[in-house]
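Data block below; observations after.
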Amino acid sequence: MKQGSDVTSLMQILGAGGRPRELEPIGVIDIGSNSVRLVVYEGAVRSPTPIFNEKVLCGLGRTVATTGQLGSEAIDRAIQALRRFHAVTRILKVKNLRPFATAAVRDARDGADFIARAEEVCGTHIEILSGEKEAQLAAQGIRMGFLEPDGVAGDLGGGSLELIDIKDEVLNNAVTLPLGGLRLIDQTGSRMEDALKIADQTLERVDWLSGGRDRPFYAVGGTWRALAKLHMQQTQYSMRIMQGYSIPTRDAIQFCESVRRAKKLSSIAGIEQVARARREVLPYGALVLERLLKQLQPSAVVFSVYGVREGLLYSLLPPHERTKDPLLSFCEEFARQRSRSLAHALELCDWTDQIFDRGGPDETRDERRLRHAACLVSDIAWRVHPDYRGDQSLDKIAHAGMTGIDHPGRIFLGLSVYFRHTGTDGNRNDGLPQKIAGRIDRRLLKRARIVGGALRVAHMLSIGMPGVIDETRLTYNGNKLVLTLPRAHADLDGERLRRRFDVLASLLGHTGEIRLAP
């Protein structure tokens, strides 16, 4: 059967002999106003996986606003961190190392002297990003982490806030503003009311913010991620995945106000979940987000773990990698590593297409790609004891490092594979945690049962091996869903297969019939 157009061909995934492609690791060192971080990625691919990630909170930008200097203690901590990072990249055999520095270094009088020392330690050139380029790379990071983003991206660091409008392939209105958390603390002497005035006056001068109304706002940066973590804790959110976590604008404004107005950090519920070194800037990050949202009036705040570092990686991708679907790219690689057969996973995408053909349920473009993703990861728990495959699949998929998907989509994928292992008949929950199922609407839950039921039939028929289901056909005939087997596979018919097929047909509002081809 011919592969669907949105599923990457098998030969693009596998190298010679069916082995994974050899990837050359890429290292990115981010010398920020608050932290210095090294991330080493497995290679320049559409859905990158970090193989090493470490940060040190050095506070380079702590005194730049008032003294114009980075400060000797902060410099010493940063140099020490860079020395360790250089040793790590040597051990990991990173040949492609891309260090850069942001607001604190570009604004400080002693920034050039620091960079000279840092380059000697790192053994390579360190680029000092302009505010505009920092904003553009943040936008590229959003493109790395989301499918076809359309909104305003904001990257809050210790020294500055970068804003940029993203629509289609165009980046507009890049601006950098002196609203970083450390800068506001330094500039105001930790006086919140003064910081509030500075934020309002600064944001009022950005005349294009009204263009963000009713579009998503993509929030980037460690302080805003800490806020999202705190919100998850206070709302008892059922997952701990930051990428794609979304809060309605009104709720986000109210939450930020509550953090900003707290008389003591220790009085904020869940504050112990935030790193101690990050807590000082948290109220100022909340202040900036609150005032920005009141100006923008976006549809929602969507948090991203992808930012400038991933944007730099995105800029290094060849054109054919940039055009790939990030979700399907991740799921294909996950299937290659964890499933019995990637070829079979790809066959499942085409086999289940027949269920949603003429006579089947309606399916949007996004629902189709989610179904294909579920097919790709349907066998990742095959090594697990059968009694626990459903639960472990649900947990692994719901919390995997995938991109190009929102949280309801994650839950749909997890539930589809959960139902593949546990069964989907009747209304029983099979022990499924209500807190997970309650996060998606009834339509998506029903679709998860249908896809899970289809996967359950396909794996019973093929035993997870390629070359079987692609020789069978699914068709609708009146009120019947018909599975036609070739005579070469007639002996695969049996009682358990028929029971599973009847359940699938019932979920689709049909009766099931298994036939042999003439």
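Naming works like this for the structure tokens: A, B, ... for the chains as they're shown, residue 1 at the start of each chain, ligands 1 onward in shown order.
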Please identify every residue of range 239-325 of chain A that has at least one atom no farther than 10 Å from an atom of range 229-233 of chain A, counting only C-alpha atoms, and for each give the shortest atom pair and the distance in Å to one decimal, arranged by chain then increasing number, as a Markdown table.
| residue | atom | partner | partner_atom | distance |
| --- | --- | --- | --- | --- |
| A:Met239 | CA | A:Met232 | CA | 8.1 |
| A:Arg240 | CA | A:Met232 | CA | 7.5 |
| A:Ile241 | CA | A:Lys229 | CA | 9.0 |
| A:Met242 | CA | A:Lys229 | CA | 7.4 |
| A:Tyr245 | CA | A:Met232 | CA | 9.0 |
| A:Ile247 | CA | A:His231 | CA | 9.0 |
| A:Ala252 | CA | A:His231 | CA | 8.9 |
| A:Phe255 | CA | A:His231 | CA | 7.6 |
| A:Cys256 | CA | A:His231 | CA | 9.4 |
| A:Val259 | CA | A:Leu230 | CA | 9.7 |
| A:Ile268 | CA | A:Leu230 | CA | 9.0 |
| A:Ala269 | CA | A:Leu230 | CA | 8.0 |
| A:Gly270 | CA | A:Gln233 | CA | 5.8 |
| A:Ile271 | CA | A:Leu230 | CA | 6.6 |
| A:Glu272 | CA | A:Leu230 | CA | 8.9 |
| A:Gln273 | CA | A:Leu230 | CA | 6.9 |
| A:Val274 | CA | A:Leu230 | CA | 7.0 |
Close residues, range 83-96 of chain A itself excluded, 9 Å, only C-alpha atoms, min 3 positions apart in chain, as a CSV table (one decimal) with N, CA, C and O atoms, in the first residue's frame:
chain,number,residue,atom,x,y,z
A,24,GLU,N,25.5,13.7,14.3
A,24,GLU,CA,26.6,14.4,14.9
A,24,GLU,C,26.1,15.3,16.0
A,24,GLU,O,25.3,16.2,15.6
A,25,PRO,N,26.5,15.2,17.2
A,25,PRO,CA,25.9,16.0,18.3
A,25,PRO,C,26.2,17.5,18.1
A,25,PRO,O,27.3,17.9,17.5
A,26,ILE,N,25.3,18.4,18.5
A,26,ILE,CA,25.5,19.8,18.4
A,26,ILE,C,25.3,20.4,19.8
A,26,ILE,O,24.4,20.1,20.5
A,27,GLY,N,26.3,21.2,20.2
A,27,GLY,CA,26.2,21.8,21.5
A,27,GLY,C,25.9,23.3,21.4
A,27,GLY,O,26.4,24.0,20.6
A,28,VAL,N,25.0,23.8,22.3
A,28,VAL,CA,24.7,25.2,22.4
A,28,VAL,C,24.9,25.7,23.8
A,28,VAL,O,24.4,25.1,24.8
A,29,ILE,N,25.7,26.7,24.0
A,29,ILE,CA,25.9,27.3,25.3
A,29,ILE,C,25.2,28.7,25.2
A,29,ILE,O,25.5,29.5,24.4
A,37,ARG,N,23.9,28.1,30.5
A,37,ARG,CA,23.4,26.7,30.3
A,37,ARG,C,24.1,26.1,29.0
A,37,ARG,O,24.4,26.7,28.0
A,38,LEU,N,24.4,24.8,29.2
A,38,LEU,CA,24.8,24.0,28.0
A,38,LEU,C,23.8,22.9,27.7
A,38,LEU,O,23.3,22.2,28.6
A,40,VAL,N,23.4,19.8,24.8
A,40,VAL,CA,23.9,19.1,23.7
A,40,VAL,C,22.8,18.2,23.1
A,40,VAL,O,22.2,17.4,23.8
A,52,PHE,N,22.3,16.0,26.8
A,52,PHE,CA,22.9,16.6,28.0
A,52,PHE,C,22.3,18.0,28.2
A,52,PHE,O,22.2,18.7,27.2
A,54,GLU,N,22.5,21.1,31.3
A,54,GLU,CA,22.8,21.6,32.6
A,54,GLU,C,22.9,23.1,32.6
A,54,GLU,O,23.4,23.8,31.6
A,78,ALA,N,30.4,32.2,36.2
A,78,ALA,CA,30.2,31.9,34.8
A,78,ALA,C,31.4,31.2,34.2
A,78,ALA,O,31.2,30.2,33.4
A,79,ILE,N,32.6,31.7,34.4
A,79,ILE,CA,33.8,31.1,33.9
A,79,ILE,C,34.0,29.7,34.4
A,79,ILE,O,34.3,28.8,33.6
A,80,GLN,N,33.7,29.5,35.7
A,80,GLN,CA,33.8,28.1,36.2
A,80,GLN,C,32.8,27.2,35.5
A,80,GLN,O,33.1,26.0,35.2
A,118,ALA,N,35.9,34.1,28.4
A,118,ALA,CA,35.0,33.0,28.1
A,118,ALA,C,35.4,32.3,26.8
A,118,ALA,O,35.4,31.0,26.8
A,121,VAL,N,38.3,30.0,27.5
A,121,VAL,CA,37.9,28.8,28.2
A,121,VAL,C,37.2,27.8,27.3
A,121,VAL,O,37.4,26.6,27.3
A,122,CYS,N,36.3,28.4,26.4
A,122,CYS,CA,35.5,27.5,25.5
A,122,CYS,C,36.3,27.1,24.3
A,122,CYS,O,35.9,26.1,23.6
A,123,GLY,N,37.3,27.8,24.0
A,123,GLY,CA,38.1,27.4,22.8
A,123,GLY,C,37.4,27.7,21.5
A,123,GLY,O,37.8,27.1,20.5
If you run DSSP on the backbone here, which positions in range 430-484 of chain A get strand (DSSP E)? Please write them as a list of chain:residue names.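 So the strand (DSSP E) residues in range 430-484 of chain A would be A:Arg473, A:Leu474, A:Thr475, A:Tyr476, A:Asn477, A:Lys480, A:Leu481, A:Val482, A:Leu483, A:Thr484.
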When distances are computed from only C-alpha atoms, which of A:Leu161, A:Val281, A:Ile142, A:Ile253 shows the smallest separation from Asn34 in chain A?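 Looking at the shortest contact to Asn34 in chain A, the residue is A:Val281.
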Residue nearest Gly158 in chain A among A:Glu513, A:Asp406, A:Asp113, A:Asp186 (counting only C-alpha atoms):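 Result for the nearest residue to Gly158 in chain A: A:Asp186.
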Can you pull out every residue within 6 Å of range 468-472 of chain A, counting only C-alpha atoms, but drop anything in the same chain fewer than 5 positions away, and send it as a list in words?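 Using only C-alpha atoms, the neighbours found are Ser462, Thr484 and Leu485 of chain A.
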In Å, how far is it from CA of Gly390 in chain A to CA of Thr422 in chain A?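 Taking CA of Gly390 in chain A as the start and CA of Thr422 in chain A as the end point, the length is 6.0 Å.
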Using only C-alpha atoms, which residues sit within 9 Å of range 314-328 of chain A once same-chain residues fewer than 4 positions away are excluded, as number ranges by chain? A: 6-8, 44-47, 137, 140-141, 143-147, 309-310, 332-333, 369-370, 372-373, 376, 402-405
Determine, counting only C-alpha atoms, which protein, DNA and RNA residues have an atom within 9 Å of an atom of Ala81 in chain A; residues of the same chain fewer than 6 positions away are not included. Present the result as a list in words. Val36, Arg37, Lys55, Val56 and Cys58 of chain A
Please, could you write that set of residues out with N, CA and C atoms as a short mmCIF file (atom, residue, chain, number, x, y, z; two decimals), in the first residue's frame?
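Below is the file that was written, selection_39.cif:
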data_model
loop_
_atom_site.label_atom_id
_atom_site.label_comp_id
_atom_site.auth_asym_id
_atom_site.auth_seq_id
_atom_site.Cartn_x
_atom_site.Cartn_y
_atom_site.Cartn_z
N VAL A 36 23.64 30.39 32.95
CA VAL A 36 24.53 29.93 31.88
C VAL A 36 24.23 28.45 31.71
N ARG A 37 23.90 28.06 30.49
CA ARG A 37 23.42 26.70 30.26
C ARG A 37 24.11 26.07 29.05
N LYS A 55 22.44 23.71 33.73
CA LYS A 55 22.50 25.16 33.86
C LYS A 55 23.08 25.54 35.22
N VAL A 56 23.67 26.72 35.27
CA VAL A 56 24.16 27.30 36.51
C VAL A 56 23.60 28.72 36.59
N CYS A 58 24.07 32.07 37.45
CA CYS A 58 25.23 32.92 37.76
C CYS A 58 24.85 34.36 38.07
#
Please report as CSV every residue of range 279-320 of chain A lying within 9 Å of range 220-226 of chain A, along with the nearest atom pair and their distance in Å (one decimal), using only C-alpha atoms.
residue,atom,partner,partner_atom,distance
A:Arg279,CA,A:Ala226,CA,8.5
A:Val281,CA,A:Thr223,CA,7.1
A:Leu282,CA,A:Thr223,CA,6.0
A:Tyr284,CA,A:Thr223,CA,8.9
A:Gly285,CA,A:Thr223,CA,6.0
A:Ala286,CA,A:Trp224,CA,7.5
A:Leu289,CA,A:Trp224,CA,8.0
A:Val302,CA,A:Val220,CA,9.0
A:Phe303,CA,A:Val220,CA,6.4
A:Ser304,CA,A:Val220,CA,5.4
A:Val305,CA,A:Val220,CA,6.6
A:Tyr306,CA,A:Val220,CA,7.1
A:Gly307,CA,A:Val220,CA,6.0
A:Val308,CA,A:Val220,CA,8.8
Export of prior selection with C-alpha atoms as an mmCIF file, in the first residue's frame:
data_model
loop_
_atom_site.group_PDB
_atom_site.id
_atom_site.type_symbol
_atom_site.label_atom_id
_atom_site.label_comp_id
_atom_site.auth_asym_id
_atom_site.auth_seq_id
_atom_site.Cartn_x
_atom_site.Cartn_y
_atom_site.Cartn_z
ATOM 1 C CA ARG A 279 12.085 32.538 43.423
ATOM 2 C CA VAL A 281 12.594 37.008 40.156
ATOM 3 C CA LEU A 282 9.258 35.153 40.076
ATOM 4 C CA TYR A 284 8.726 40.349 38.573
ATOM 5 C CA GLY A 285 8.202 37.762 35.845
ATOM 6 C CA ALA A 286 4.551 37.602 36.916
ATOM 7 C CA LEU A 289 3.463 38.795 32.003
ATOM 8 C CA VAL A 302 0.945 28.855 25.722
ATOM 9 C CA PHE A 303 4.202 27.952 27.454
ATOM 10 C CA SER A 304 7.172 26.687 25.486
ATOM 11 C CA VAL A 305 10.327 24.922 26.610
ATOM 12 C CA TYR A 306 11.734 25.730 23.176
ATOM 13 C CA GLY A 307 13.347 29.125 22.759
ATOM 14 C CA VAL A 308 16.548 30.758 21.547
#
In Å, with one decimal, what is the gap from CA of Pro99 in chain A to CA of Gly68 in chain A? 22.8 Å
If we count only C-alpha atoms and set the cut-off at 8 Å, which residues sit around range 165-180 of chain A, ignoring sequence neighbours fewer than 3 positions away in its own chain? Please answer as a ChimeraX atom specification. /A:131-132,135-136,139,148-153,156-162,183-184,199,202,208,212,285,288
When you count only C-alpha atoms, which of these residues is closest to Gly512 in chain A: A:Gly32, A:Leu481, A:Leu497, A:Ala228?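 Ranking A:Gly32, A:Leu481, A:Leu497, A:Ala228 by distance to Gly512 in chain A, first place goes to A:Leu481.
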Would you kindly return, as a list in words, each protein, DNA or RNA residue with an atom no farther than 10 Å from any atom of Leu415 in chain A, considering only C-alpha atoms and excluding same-chain residues fewer than 2 positions away?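 Close residues of Leu415 in chain A: Ala374, Gly390, Asp391, Ser393, Leu394, Asp395, Ile397, Ala398, Gly409, Arg410, Ile411, Phe412, Leu413, Val417, Tyr418, Phe419, Arg420, His421, Leu432, Ile436, Ala437, Leu444, Leu445, Arg447, Ala448, Arg449, Val451 and Gly452 of chain A.
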From the list A:Ser506, A:Ser238, A:Ser266, A:Ser210, which residue is nearest His399 in chain A when using only C-alpha atoms?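 Counting only C-alpha atoms, the residue closest to His399 in chain A is A:Ser238.
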Those of range 339-394 of chain A in DSSP alpha helix (DSSP H), formatted as a PyMOL selection string: chain A and resi 342-353+365-376+389-394
Of the listed residues A:Ser339, A:Arg496, A:Ile380, A:His510, that which approaches Asn479 in chain A most closely, counting only C-alpha atoms: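 Ranking A:Ser339, A:Arg496, A:Ile380, A:His510 by distance to Asn479 in chain A, first place goes to A:His510.
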With distances taken over only C-alpha atoms, which of A:Arg276, A:Arg215, A:Arg515, A:Lys133 is nearest to Leu57 in chain A?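 The closest residue to Leu57 in chain A is A:Arg276.
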Point-to-point distance in Å for CA of Val301 in chain A and CA of Ile198 in chain A: 22.3 Å
